[in-house]
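**Student:** Just dropping this structure here.
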Amino acid sequence: MLTVVCARVACFCGMQLRVQESSNLVMHMLVVYGNTGCKMDLTCNGNTLAVISKMLPECKYTPCIEEHNIHAIFRWTSVWSILQSSVRLDQAIQRDLSRDAQGRGAGTVTIPTAEYDQATSHFLQETGLTLSITTLGTCIYRFGKKRHRDPCHADSHQQHRMPSHSEYSAETEEIIFQLCRYMHHIITTS
Amino acid sequence: MINTNIDDLPREMLLLNEGKSLQVISEGNILNIHILKTCTQRSEEHCVLEESEWRCWDGDFQVLWEQKCTNAESFNERTYYRQRYAEGVQVGQSNNDVEKVGVDKVRAACMLAECSSTPEMSRHKRTKRQKIACREENFVGRVKVTTFMVFVLESTTRVFFVSDRIAARNGERNNFSVPKAVNICYTGTVTGTIFPTAISAEMHQAKKRGPCGSEIHVDTSMGVMQIFGNNGGSRKITCKAFLNIVEANYIVRRVCSMV
């Protein structure tokens, strides 16, 4: 009886059970909000689509459907491709972007660099981005882990997230935020 | 322009003849809309916008008007008009009073709308005496006149006035903002035996059986932490609605230290 009571007391004091993290936290959904400050031309022949197509890698575009929604959706299967493309951007364009960002009071836009460790690059390769832009300029960036169909349950439409063997850290998160600011700047100047 | 005046415009307008005109008068503003059926092809359809600012002075036995164009091609071009005081009802006086009285400032726009293009108002070159009369103490008010001409297909039978009212209402929200995280969710695992009551005792609001099948639900000011069922000694945890991983890690460590 005395042993049971002692055990209970120990539980409440948090001394003996030793609950601990067995794996680090990994992001599975990250939502960022921003506003371009101007109305957006989101039509199929519009400027926003033209600029995104020119400045960013290929994406899947879903236009605004009148009477259904007022936002267009852009999907990239891997944010790694966006980072790679940003590195390929001509240095002069990058300088212009940063200068223009300061002029708008948006702070410095740091262009993401290509120097990442293997774990980070693996994580970013496995992360997709869905960007929703409304005609009023509201931008929602939704980063998420890729989903893949389970080959054993192809008919059941079961989807599973890829097992994550990659590390996720505050540095990885900062790269995502940095990428977001960079993309937002491109969209804002469109 | 349509957004601002949508409440004063008809929703639908029939175009049975060669065209139709509308006039919306508000304090200090006159909006003229002319729909003209002149185009033979859809590609010819277009619109023209003309804007001018009118200023009014109450002179000796007459009202003086100055029209200043604000259009690019005739910018700042000034034309002067003289308006005679007609007998009968005038601005700022009762039906029984036919004597000249000063122009009511509020009704300047109404008066301009009523008298323009009528014999009452005549164009003239401003005299020296009138120039002197156009001083501040005689100033009555100003009226902005906007004329919107829409040239449509000859076969057009009706026009609808629609407005992006949501855009008008949300105008003030349309400010530039740097992208900021609003919701981040993380997944992880913990091991060890967890006593939900231990969390409740310290955090007060922690509940057993949270949403999404979680066994323990911990609500914090930084976000929500959920602990799921035991799976071979390991428990899945999710941290939802956080703003960065540093805060999420802090909460996980804090909860682990409690139990």
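Lettering and numbering for the structure tokens are positional, with chains as A, B, ... in the shown order, residues counted from 1 in each chain, and ligands counted from 1 in the shown order.
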What's around range 118-135 of chain B at 9 Å? Count only C-alpha atoms, leave out sequence neighbours fewer than 4 positions away in its own chain, and write the answer as a PyMOL selection string.

**Tutor:** chain B and resi 56-60+64+79-86+114+139

**Student:** I need the contact residues of chain B against chain A, so if you could list those with any atom within 6 Å, counting only C-alpha atoms, and return them as a list in words, that would help.

**Tutor:**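 Listing them in order of chain and number gives Asn174, Asn175, Phe176, Ser177, Val178, Pro179, Lys180, Ala181, Val182, Asn183, Ile184, Cys185, Tyr186, Thr187, Gly188, Thr189, Val190, Thr191, Gly192, Thr193, Ala198, Cys256, Met258 and Val259 of chain B.
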
**Student:** I need the chosen residues saved as a short mmCIF file (atom, residue, chain, number, x, y, z; two decimals), in the first residue's frame, with C-alpha atoms.

**Tutor:**
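Produced file selection38.cif, reproduced below:
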data_model
loop_
_atom_site.label_atom_id
_atom_site.label_comp_id
_atom_site.auth_asym_id
_atom_site.auth_seq_id
_atom_site.Cartn_x
_atom_site.Cartn_y
_atom_site.Cartn_z
CA ASN B 174 -5.54 45.85 -49.03
CA ASN B 175 -2.26 47.01 -47.48
CA PHE B 176 1.09 45.48 -48.27
CA SER B 177 2.32 43.09 -45.63
CA VAL B 178 5.49 41.04 -45.40
CA PRO B 179 4.65 37.31 -45.28
CA LYS B 180 4.41 36.02 -41.75
CA ALA B 181 3.76 32.56 -40.34
CA VAL B 182 0.20 32.16 -39.10
CA ASN B 183 -0.06 28.43 -38.49
CA ILE B 184 2.61 25.75 -38.30
CA CYS B 185 1.99 22.14 -37.37
CA TYR B 186 4.69 19.71 -36.27
CA THR B 187 4.81 16.00 -35.64
CA GLY B 188 7.10 14.09 -33.28
CA THR B 189 7.18 11.19 -30.85
CA VAL B 190 7.70 10.77 -27.16
CA THR B 191 8.34 7.71 -25.03
CA GLY B 192 7.51 6.98 -21.42
CA THR B 193 4.39 6.66 -19.36
CA ALA B 198 -0.12 15.43 -13.90
CA CYS B 256 7.63 16.20 -20.89
CA MET B 258 5.70 17.75 -16.11
CA VAL B 259 4.96 14.09 -16.60
#

**Student:** Contacts of Pro57 in chain A at 7 Å or less, counting only C-alpha atoms, minus same-chain residues fewer than 6 places along, as a list in words?

**Tutor:**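 Once the adjacent positions are removed, what remains is Ser81, Ile82 and Ser85 of chain A.
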
**Student:** Using C-alpha atoms, can you export the residues from the last selection as a compact mmCIF listing (two decimals), in the first residue's frame?

**Tutor:**
# COMPACT_ATOMS: atom_id res chain seq x y z
CA SER A 81 13.07 23.52 -57.29
CA ILE A 82 12.14 27.10 -56.35
CA SER A 85 15.76 28.47 -59.65

**Student:** Could you work out how far CA of Ile65 in chain A lies from CA of Thr156 in chain B, giving the answer in Å with one decimal?

**Tutor:**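 Separation between CA of Thr156 in chain B and CA of Ile65 in chain A: 26.6 Å.
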
**Student:** Rounded to one decimal, what separation in Å do you get between CA of Ile33 in chain B and CA of Leu16 in chain B?

**Tutor:**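 Rounded to one decimal, the two atoms are 16.3 Å apart.
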
**Student:** Can you tell me which residues surround range 219-226 of chain B at a distance of at most 8 Å, considering only C-alpha atoms, apart from same-chain residues fewer than 5 positions away, and format the answer as a PyMOL selection string?

**Tutor:** chain B and resi 205-206+210+214+237-243+247-248+251-252

**Student:** For Gln125 in chain A, find every residue with an atom within 7 Å (counting only C-alpha atoms), except residues of its own chain fewer than 3 positions away, and show them as a list of chain:residue names.

**Tutor:**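 Skipping anything fewer than 3 positions along the chain leaves A:Ser78, A:Val79, A:Trp80, A:Ser121, A:His122.
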
**Student:** Find the residue from B:Met1, B:Leu36, B:Val24, B:Ala108 that sits nearest to Leu153 in chain B; use only C-alpha atoms when measuring.

**Tutor:**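 Checking each of B:Met1, B:Leu36, B:Val24, B:Ala108 against Leu153 in chain B, counting only C-alpha atoms, the winner is B:Leu36.
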